[in-house]
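S.K.: The structure's right below; bear with me while I get my questions together.
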Amino acid sequence: MSKMRSVWVATSLKQGRITLLSLICFLFVACRPGVKSTPKPTFEDAELKFSQGDVESALHEADASLQDLHDKQSEKAWRLRFLKSEILIWQGFSRDAVNLLAPMPSSVSSQSDLAAFRSVLLGSAYSNLQMFDDAEREFATAKTLNTPEVREVTCRLLLGEGRLAALHHEPARSDQMFRQAAEIAHQQNKPILEASALGNLGMLNMQQHRYAEAADWFNESIFLAQSRNAEITATRTLGNLGWAYLKMGDLDRAFESFSQAETISERHSMITDEQTWLMNAAEVQFLRRDLPEAEKSYSRSLELARSLNDRQEVIYGLHGLTRIALAKKQFPLAERYNQEAAALADAIGSQNSKLYTKLNSANKAFATAQYIVANQLFQEVVSDAGDDISMKAEALDGLGETEDKLKQPELADKHYRSAIAVLDKERKSLGREEFELSYPTNAKDAYNAYIRFLMDRGRSNDAFAVAELHRAKTLTEGLELQGGFSRQALSVADTQRAASRQHRVILAYWLGPEQSYLWVCRPDGSQVFVLPGEDQIGAMVERHHERLAGSFKSQNADYTDGQELYKVLIGPAERWITPEARITIIPDGVLCGLNFETLIVASPKPHYWIEDVFISNANSTALLSTGGHSILRPSARPNKTLLLIGDPKAPQYYQPLAHAGDEIRLIRGHFSSEQETVISGPDATPTAYFNAKPETFSFIHFVAHGTASRVSPLDSAVVLSQDGSSFNLYARDIAKMKLNARLVTVSACDSAGSRIYSSEGLVGLSWAFLRAGAHQVLAALWDVDDTSTPRLMNNFYSGIAEGEDPGVALRAAKLELLRSQTIYAKPYYWGPFVLYEGAVTEER
């Protein structure tokens, strides 16, 4: 269950404090010559500190200024009250702000602009307190009092009314008000006020489940706020941006945004915001199955919500703790939390919260074998979920599980498929590749449940088809696969035919929470095997990686973990794998970061698996199956052999690649000058790559540093010479250029990427080149060594120049290092490079 907890930027006029208050004072001097307003310096200090995020100091200064004033009902005193009330609203103490804004004396209220400002503040405070009738009354009053020339008060009023319209589910009216506020702020050159309007447009889009558009508005708002050092405005929007990422399945970026927003909010005593972002960070921790940390975060957030007497936030905290108690099978505790949440939801009339307590009750009923009760509750949730996709999908999954327990497999199958269809429809609605990549992270649980259901019924071929339906959707959709190929029609038989046609054995993995699966597809048959759960396999992979890194320094090889992994992952299929067989791995989850060549075969004596077979990786069998061929555009057929780009003049903070020139020289030696285009040194820029028309080359090779962005994988880059303001050839730009290259080699650190998505696999530079249409990509899983890599690449291209298949040439080059009886025999030197299969053509 994911429950939206985000903060409207205009909740309490959370921006432009210096700008608004100073402008009002200035206008009164201009419009009413007899009135002078020169507040004490401490008042100006309070404004400044508040705008910069020093909330505690601002409150102290405002209190001190009020104490110094003899007349507590003077205009000066009320300006200080306005400032203090804004601070209180920011901190989450809206009730205190209402009390502070008690009726103004007639001598002050007669000044319409001041009275209008007071009503705007009251309207915002009442909105926070969910006293919507009172909020509407105050905004209406502000409208009648406001002087049109005071544009900032008009802007703030539009923001308050726009938020209220959104809370009343009037998106068109809300959108109009926010856009009008943004336009006024832009015309008046008030970037902080404009940032608030843009942030609220983001919130409005998020309310309508348009998360990609919301992220755009949020990023623009953050940029404007940060440009004026308005940290608290930027922080609030940063947290909202985290929610947009969370809804799109990008857990890393979501958690980073929430954590930053929570830390800054705590520093500035913004208790309401601190509680909100802490709650959302807990949501990410729960999705990551980090239950101990999630429980800590939910408990702390609940404590803050209780201190604020915010019943809705208390409900959200109780929801989170209920789910954790259910996951830990602490059913009495789960019931206690859920009953309290249900009572509060009834008290405040929150239908959505009541529905989530019903979903929790359904999950508890299922966990305690009350299947008929659970079935009825899940049906009610599906019926009432409306456009809450996450809730509907979870309830449909629950229906599938309960129908299964109630011996209704046909109905169970129907509900599982419905859950997947609902999630996939929302993925496609995102309309942007960057977010379509991450979204299936949210769908993995639905696929796990359905695959487990099918496997338990002996329907392993159907389970395989469902697993493949989840894989590499964005990659294969972007490649424009032809030949009438349908993802829904993919089957074990399709994959077996591909194995027969290409003379290979295909090992396709699916990692599930309780048990995983391996499908072995070969020319003469297929089998499926049950493997340990994802956590167990993940721990083994991590230990193996630690051994590989340790072997760099150790003189003695330790084969323990490599042998254990081989036994688990390859052992079941070993009888069908002959010496020198061609193996293609379809990995899943943590296996995407594993080079299977480094696994250890125990007999006749311990040795690396690469010594027995040829190994490559693929993101999906869809790239290998009949009909899964990329379109060769006749006008763009490769007519040149090699594009070699590298040895750039990289930024000073990158360590020089002393042997990059050697690598370029050695590779050039295998091709004639008329066959190759070489771009190096200062000329090796991102623009130079595109200007070279890479779509016309059969082989493309980079010798440079690489960056792998885990937070934003499409921002992974080949680091080249400076081109304008950038050194980086980004993955997102690479993916847009259509290629027909037989092979792209990225001789750079982490060029395969460092971010694993549940459906797409490892996403980074290798994914981008595959997405562009490269038939094969050679990329690195970890840092590559500048001294050994030229030697490996020289041997690799020697084989290619002699007509060898890249897979054959690569294995020979690696074995030359492995058998060299030098330090380069260690897998640290030859193991990072992995060959990835793309969408091939019949001509290959």
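Chain lettering (A, B, ...) mirrors the order of the structure tokens, residue numbering begins at 1 for each chain separately, and ligand numbering begins at 1 in order of display.
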Just want the 8 Å neighbourhood of range 400-411 of chain A, counted on only C-alpha atoms, with same-chain residues fewer than 5 positions away dropped. Output as a list of chain:residue names.
M.R.: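 Surrounding residues, per the criterion: A:Phe366, A:Tyr371, A:Ile372, A:Ala374, A:Asn375, A:Tyr416, A:Ala449, A:Phe453.
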S.K.: Could you name the residues that touch range 96-112 of chain A at 7 Å or less, counting only C-alpha atoms, but leaving out those on the same chain fewer than 6 positions away, as a PDB file with all heavy atoms, in the first residue's frame?
M.R.:
```
ATOM      1  N   GLN A  73      -1.353  46.492  19.586  1.00  0.00           N
ATOM      2  CA  GLN A  73      -2.375  46.481  18.547  1.00  0.00           C
ATOM      3  C   GLN A  73      -2.052  47.463  17.418  1.00  0.00           C
ATOM      4  O   GLN A  73      -2.908  47.748  16.589  1.00  0.00           O
ATOM      5  CB  GLN A  73      -3.741  46.826  19.147  1.00  0.00           C
ATOM      6  CG  GLN A  73      -4.263  45.793  20.123  1.00  0.00           C
ATOM      7  CD  GLN A  73      -4.523  44.448  19.462  1.00  0.00           C
ATOM      8  OE1 GLN A  73      -4.954  44.387  18.315  1.00  0.00           O
ATOM      9  NE2 GLN A  73      -4.230  43.373  20.181  1.00  0.00           N
ATOM     10  N   GLU A  75      -0.118  48.940  13.965  1.00  0.00           N
ATOM     11  CA  GLU A  75       0.137  48.343  12.644  1.00  0.00           C
ATOM     12  C   GLU A  75       1.435  47.551  12.641  1.00  0.00           C
ATOM     13  O   GLU A  75       1.510  46.445  12.083  1.00  0.00           O
ATOM     14  CB  GLU A  75       0.177  49.448  11.592  1.00  0.00           C
ATOM     15  CG  GLU A  75       0.464  48.939  10.185  1.00  0.00           C
ATOM     16  CD  GLU A  75       0.584  50.079   9.191  1.00  0.00           C
ATOM     17  OE1 GLU A  75      -0.101  51.104   9.377  1.00  0.00           O
ATOM     18  OE2 GLU A  75       1.370  49.924   8.237  1.00  0.00           O
ATOM     19  N   ARG A  81       2.804  40.050  13.862  1.00  0.00           N
ATOM     20  CA  ARG A  81       1.915  38.903  14.039  1.00  0.00           C
ATOM     21  C   ARG A  81       1.776  38.114  12.739  1.00  0.00           C
ATOM     22  O   ARG A  81       1.726  36.876  12.753  1.00  0.00           O
ATOM     23  CB  ARG A  81       0.536  39.371  14.498  1.00  0.00           C
ATOM     24  CG  ARG A  81       0.465  39.836  15.938  1.00  0.00           C
ATOM     25  CD  ARG A  81      -0.972  40.157  16.296  1.00  0.00           C
ATOM     26  NE  ARG A  81      -1.087  40.711  17.634  1.00  0.00           N
ATOM     27  CZ  ARG A  81      -2.044  40.383  18.500  1.00  0.00           C
ATOM     28  NH1 ARG A  81      -2.958  39.497  18.142  1.00  0.00           N
ATOM     29  NH2 ARG A  81      -2.101  40.934  19.683  1.00  0.00           N
ATOM     30  N   SER A  85       2.746  34.331  12.486  1.00  0.00           N
ATOM     31  CA  SER A  85       1.735  33.340  12.112  1.00  0.00           C
ATOM     32  C   SER A  85       2.186  32.521  10.918  1.00  0.00           C
ATOM     33  O   SER A  85       1.933  31.314  10.844  1.00  0.00           O
ATOM     34  CB  SER A  85       0.406  34.019  11.824  1.00  0.00           C
ATOM     35  OG  SER A  85       0.485  34.830  10.657  1.00  0.00           O
ATOM     36  N   LEU A  88       4.535  29.955  12.215  1.00  0.00           N
ATOM     37  CA  LEU A  88       3.804  28.881  12.905  1.00  0.00           C
ATOM     38  C   LEU A  88       3.130  27.938  11.915  1.00  0.00           C
ATOM     39  O   LEU A  88       3.132  26.711  12.103  1.00  0.00           O
ATOM     40  CB  LEU A  88       2.769  29.492  13.845  1.00  0.00           C
ATOM     41  CG  LEU A  88       3.328  30.212  15.082  1.00  0.00           C
ATOM     42  CD1 LEU A  88       2.228  30.966  15.801  1.00  0.00           C
ATOM     43  CD2 LEU A  88       4.004  29.217  16.028  1.00  0.00           C
ATOM     44  N   ILE A  89       2.538  28.503  10.858  1.00  0.00           N
ATOM     45  CA  ILE A  89       1.892  27.653   9.846  1.00  0.00           C
ATOM     46  C   ILE A  89       2.930  26.775   9.174  1.00  0.00           C
ATOM     47  O   ILE A  89       2.705  25.585   8.932  1.00  0.00           O
ATOM     48  CB  ILE A  89       1.127  28.518   8.824  1.00  0.00           C
ATOM     49  CG1 ILE A  89      -0.047  29.222   9.502  1.00  0.00           C
ATOM     50  CG2 ILE A  89       0.613  27.653   7.681  1.00  0.00           C
ATOM     51  CD1 ILE A  89      -0.736  30.253   8.640  1.00  0.00           C
ATOM     52  N   LEU A 122      -5.355  33.358   7.362  1.00  0.00           N
ATOM     53  CA  LEU A 122      -6.359  32.547   8.055  1.00  0.00           C
ATOM     54  C   LEU A 122      -6.899  31.445   7.147  1.00  0.00           C
ATOM     55  O   LEU A 122      -7.074  30.294   7.583  1.00  0.00           O
ATOM     56  CB  LEU A 122      -7.506  33.444   8.526  1.00  0.00           C
ATOM     57  CG  LEU A 122      -7.298  34.197   9.838  1.00  0.00           C
ATOM     58  CD1 LEU A 122      -8.405  35.220  10.052  1.00  0.00           C
ATOM     59  CD2 LEU A 122      -7.236  33.223  11.018  1.00  0.00           C
ATOM     60  N   ALA A 125      -4.391  28.682   7.052  1.00  0.00           N
ATOM     61  CA  ALA A 125      -4.352  27.925   8.302  1.00  0.00           C
ATOM     62  C   ALA A 125      -5.573  27.006   8.403  1.00  0.00           C
ATOM     63  O   ALA A 125      -5.459  25.835   8.784  1.00  0.00           O
ATOM     64  CB  ALA A 125      -4.306  28.888   9.484  1.00  0.00           C
ATOM     65  N   LEU A 145     -11.535  42.521   0.022  1.00  0.00           N
ATOM     66  CA  LEU A 145     -10.692  43.539   0.646  1.00  0.00           C
ATOM     67  C   LEU A 145      -9.463  43.894  -0.176  1.00  0.00           C
ATOM     68  O   LEU A 145      -8.935  44.999  -0.057  1.00  0.00           O
ATOM     69  CB  LEU A 145     -10.230  43.051   2.031  1.00  0.00           C
ATOM     70  CG  LEU A 145     -11.315  42.888   3.098  1.00  0.00           C
ATOM     71  CD1 LEU A 145     -10.728  42.206   4.328  1.00  0.00           C
ATOM     72  CD2 LEU A 145     -11.912  44.238   3.468  1.00  0.00           C
ATOM     73  N   ASN A 146      -9.000  42.965  -0.964  1.00  0.00           N
ATOM     74  CA  ASN A 146      -7.719  43.153  -1.642  1.00  0.00           C
ATOM     75  C   ASN A 146      -7.776  44.274  -2.672  1.00  0.00           C
ATOM     76  O   ASN A 146      -8.724  44.368  -3.457  1.00  0.00           O
ATOM     77  CB  ASN A 146      -7.290  41.845  -2.326  1.00  0.00           C
ATOM     78  CG  ASN A 146      -5.947  41.964  -3.005  1.00  0.00           C
ATOM     79  OD1 ASN A 146      -5.015  42.553  -2.461  1.00  0.00           O
ATOM     80  ND2 ASN A 146      -5.840  41.415  -4.202  1.00  0.00           N
TER      81      ASN A 146
END
```
S.K.: What's the separation between CA of Ser698 in chain A and CA of Thr641 in chain A, in Å to one decimal place?
M.R.: 5.0 Å
S.K.: Taking only C-alpha atoms into account, which of A:Ser94, A:Val381, A:Asp71, A:Val373 comes nearest Gln351 in chain A?
M.R.: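 Smallest separation from Gln351 in chain A among the options: A:Val381.
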S.K.: State, in Å with one decimal place, the distance from CA of Gly562 in chain A to CA of Trp767 in chain A.
M.R.: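 Straight-line distance from CA of Gly562 in chain A to CA of Trp767 in chain A works out to 26.5 Å.
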S.K.: For a quick check of understanding, using only C-alpha atoms, which of A:Arg137, A:Lys693, A:Arg118, A:Lys354 has the smallest distance to Met737 in chain A?
M.R.: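 The shortest atom-to-atom distance to Met737 in chain A comes from A:Lys693.
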S.K.: Check range 509-737 of chain A with DSSP on the backbone and list each residue it calls helix (DSSP H, G or I), as a ChimeraX atom specification.
M.R.: /A:534-551,560-569,571-576,589-593,596-598,609-611,621-623,634-636,660-668,673-675,686-691,694-696,713-715,731-736
S.K.: Pull C-alpha atoms from the residues just selected and write them as a CSV table (one decimal), in the first residue's frame.
M.R.:
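Just written: part12.csv:
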```csv
chain,number,residue,atom,x,y,z
A,534,GLU,CA,16.0,-13.8,-3.9
A,535,ASP,CA,17.5,-12.9,-0.5
A,536,GLN,CA,19.5,-16.1,-0.3
A,537,ILE,CA,20.8,-15.8,-3.8
A,538,GLY,CA,21.5,-12.1,-3.3
A,539,ALA,CA,23.7,-12.8,-0.2
A,540,MET,CA,25.6,-15.4,-2.2
A,541,VAL,CA,26.3,-13.0,-5.1
A,542,GLU,CA,27.4,-10.3,-2.6
A,543,ARG,CA,29.9,-12.7,-1.0
A,544,HIS,CA,31.2,-13.7,-4.4
A,545,HIS,CA,31.7,-10.1,-5.4
A,546,GLU,CA,33.7,-9.5,-2.2
A,547,ARG,CA,35.8,-12.5,-3.0
A,548,LEU,CA,36.5,-11.2,-6.5
A,549,ALA,CA,37.5,-7.8,-5.2
A,550,GLY,CA,39.6,-9.4,-2.5
A,551,SER,CA,41.4,-11.6,-5.0
A,560,THR,CA,34.1,-21.2,-1.9
A,561,ASP,CA,31.4,-18.7,-2.9
A,562,GLY,CA,32.0,-19.1,-6.7
A,563,GLN,CA,31.5,-22.9,-6.3
A,564,GLU,CA,28.3,-22.4,-4.2
A,565,LEU,CA,26.8,-20.0,-6.8
A,566,TYR,CA,27.7,-22.4,-9.7
A,567,LYS,CA,26.0,-25.2,-7.8
A,568,VAL,CA,22.8,-23.3,-7.2
A,569,LEU,CA,22.6,-21.3,-10.5
A,571,GLY,CA,24.1,-27.1,-11.4
A,572,PRO,CA,20.5,-28.0,-12.3
A,573,ALA,CA,21.3,-27.4,-16.0
A,574,GLU,CA,24.8,-28.9,-16.0
A,575,ARG,CA,23.8,-32.2,-17.6
A,576,TRP,CA,22.7,-30.4,-20.8
A,589,GLY,CA,17.5,-8.9,-10.1
A,590,VAL,CA,20.9,-9.1,-8.5
A,591,LEU,CA,22.0,-11.6,-11.2
A,592,CYS,CA,22.2,-8.7,-13.7
A,593,GLY,CA,25.3,-7.6,-11.9
A,596,PHE,CA,28.7,-15.9,-14.8
A,597,GLU,CA,32.1,-16.5,-16.4
A,598,THR,CA,33.6,-16.0,-12.9
A,609,TRP,CA,33.3,-21.5,-16.0
A,610,ILE,CA,34.6,-19.4,-18.9
A,611,GLU,CA,37.2,-22.1,-19.5
A,621,THR,CA,14.5,-13.8,-24.8
A,622,ALA,CA,12.4,-11.4,-26.9
A,623,LEU,CA,15.7,-10.2,-28.4
A,634,PRO,CA,18.4,0.6,-46.1
A,635,SER,CA,19.5,4.2,-46.1
A,636,ALA,CA,21.5,3.6,-42.9
A,660,ALA,CA,44.4,5.0,-23.6
A,661,GLY,CA,46.6,6.0,-26.5
A,662,ASP,CA,48.2,2.5,-26.5
A,663,GLU,CA,44.7,0.9,-26.7
A,664,ILE,CA,43.7,3.1,-29.6
A,665,ARG,CA,47.0,2.4,-31.4
A,666,LEU,CA,46.7,-1.4,-30.9
A,667,ILE,CA,43.1,-1.5,-32.2
A,668,ARG,CA,43.9,0.7,-35.2
A,673,SER,CA,43.2,3.5,-42.6
A,674,GLU,CA,40.3,3.6,-45.2
A,675,GLN,CA,38.2,1.3,-43.0
A,686,PRO,CA,30.1,14.3,-27.6
A,687,THR,CA,29.3,16.3,-30.7
A,688,ALA,CA,32.0,14.7,-32.6
A,689,TYR,CA,30.5,11.3,-31.9
A,690,PHE,CA,27.1,12.3,-33.5
A,691,ASN,CA,28.7,14.2,-36.3
A,694,PRO,CA,27.7,6.4,-36.0
A,695,GLU,CA,24.8,4.7,-37.7
A,696,THR,CA,27.1,4.0,-40.7
A,713,PRO,CA,20.8,5.7,-15.0
A,714,LEU,CA,20.0,7.6,-18.3
A,715,ASP,CA,22.4,10.2,-17.0
A,731,ALA,CA,23.0,7.5,-22.2
A,732,ARG,CA,19.7,9.3,-22.8
A,733,ASP,CA,21.2,10.9,-25.9
A,734,ILE,CA,22.9,7.7,-27.1
A,735,ALA,CA,19.6,5.8,-27.0
A,736,LYS,CA,18.0,8.3,-29.4
```
S.K.: Find the spatial neighbours of Pro191 in chain A, counting only C-alpha atoms, within a cut-off of 10 Å - ignore same-chain residues fewer than 5 positions away - and output them as a list in words.
M.R.: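 Listed by chain and then number, they are Gln15, Gly16, Ala182, Ala185, His186, Ser196, Ala197, Ser221, Phe223, Leu224, Ala225, Gln226, Ser227, Arg228 and Ala230 of chain A.
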S.K.: Report as a list in words all protein, DNA and RNA residues lying within 7 Å of range 295-306 of chain A, evaluated on only C-alpha atoms, omitting residues in the same chain fewer than 6 positions from it.
M.R.: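 With the cut-off at 7 Å, the set is Gln275, Leu278, Met279, Ala282, Glu313, Val314, Gly317, Gly320, Leu321 and Ile324 of chain A.
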S.K.: Using only C-alpha atoms, find the one residue out of A:Ile800, A:Met793, A:Ala581, A:Asn360 that sits nearest to Glu816 in chain A.
M.R.: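 Checking each of A:Ile800, A:Met793, A:Ala581, A:Asn360 against Glu816 in chain A, counting only C-alpha atoms, the winner is A:Met793.
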S.K.: Which residues of range 62-163 of chain A come within 9 Å of range 198-212 of chain A, and for each one, what is the closest pair of atoms and their distance in Å to one decimal, counting only C-alpha atoms, sorted by chain and residue number, as CSV?
M.R.:
```
residue,atom,partner,partner_atom,distance
A:Leu159,CA,A:Asn200,CA,8.0
A:Gly162,CA,A:Asn200,CA,8.5
A:Arg163,CA,A:Asn200,CA,7.6
```
S.K.: For range 508-518 of chain A, work out the shell of residues within 7 Å, counting only C-alpha atoms and skipping chain neighbours fewer than 4 positions away, then give it as a list in words.
M.R.: Asn448, Val528, Phe529, Val530, Leu531, Pro532, Gly533, Glu534, Asp535, Ile585, Ile586, Pro587, Asp588 and Gly589 of chain A
S.K.: Using only N, CA, C and O atoms, please write the residues we just selected to a file, as a compact mmCIF listing (two decimals), in the first residue's frame.
M.R.:
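Ended up saving to part06.txt:
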```
# COMPACT_ATOMS: atom_id res chain seq x y z
N ASN A 448 5.36 -11.62 -9.31
CA ASN A 448 5.80 -12.71 -8.43
C ASN A 448 4.63 -13.58 -8.01
O ASN A 448 4.71 -14.82 -8.05
N VAL A 528 12.46 -26.77 -16.28
CA VAL A 528 12.38 -25.67 -15.32
C VAL A 528 12.77 -26.21 -13.95
O VAL A 528 12.47 -27.37 -13.62
N PHE A 529 13.47 -25.38 -13.17
CA PHE A 529 13.94 -25.79 -11.85
C PHE A 529 13.61 -24.71 -10.83
O PHE A 529 13.60 -23.52 -11.14
N VAL A 530 13.34 -25.16 -9.61
CA VAL A 530 13.08 -24.25 -8.50
C VAL A 530 14.39 -23.96 -7.78
O VAL A 530 15.13 -24.89 -7.43
N LEU A 531 14.68 -22.68 -7.55
CA LEU A 531 15.91 -22.25 -6.89
C LEU A 531 15.57 -21.56 -5.58
O LEU A 531 14.39 -21.25 -5.32
N PRO A 532 16.57 -21.26 -4.75
CA PRO A 532 16.30 -20.52 -3.49
C PRO A 532 15.73 -19.13 -3.76
O PRO A 532 15.79 -18.61 -4.89
N GLY A 533 15.22 -18.48 -2.72
CA GLY A 533 14.63 -17.15 -2.83
C GLY A 533 15.67 -16.07 -3.12
O GLY A 533 16.88 -16.29 -2.99
N GLU A 534 15.17 -14.90 -3.48
CA GLU A 534 16.04 -13.81 -3.90
C GLU A 534 17.02 -13.37 -2.81
O GLU A 534 18.18 -13.08 -3.11
N ASP A 535 16.58 -13.32 -1.57
CA ASP A 535 17.47 -12.88 -0.50
C ASP A 535 18.66 -13.81 -0.35
O ASP A 535 19.80 -13.36 -0.17
N ILE A 585 22.69 -16.01 -21.00
CA ILE A 585 22.05 -15.82 -19.70
C ILE A 585 20.99 -14.73 -19.81
O ILE A 585 21.25 -13.63 -20.29
N ILE A 586 19.77 -15.03 -19.34
CA ILE A 586 18.72 -14.01 -19.17
C ILE A 586 18.61 -13.80 -17.66
O ILE A 586 17.92 -14.55 -16.97
N PRO A 587 19.31 -12.81 -17.11
CA PRO A 587 19.36 -12.68 -15.65
C PRO A 587 18.15 -11.93 -15.11
O PRO A 587 17.35 -11.36 -15.85
N ASP A 588 18.04 -11.91 -13.80
CA ASP A 588 16.97 -11.17 -13.13
C ASP A 588 17.53 -10.64 -11.81
O ASP A 588 18.36 -11.29 -11.16
N GLY A 589 17.10 -9.46 -11.42
CA GLY A 589 17.49 -8.91 -10.13
C GLY A 589 18.98 -8.80 -9.98
O GLY A 589 19.70 -8.32 -10.86
```
S.K.: Which is closest to Leu167 in chain A among A:Glu274, A:Glu136, A:Asp424, A:Glu183, if we use only C-alpha atoms?
M.R.: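 Checking each of A:Glu274, A:Glu136, A:Asp424, A:Glu183 against Leu167 in chain A, counting only C-alpha atoms, the winner is A:Glu136.
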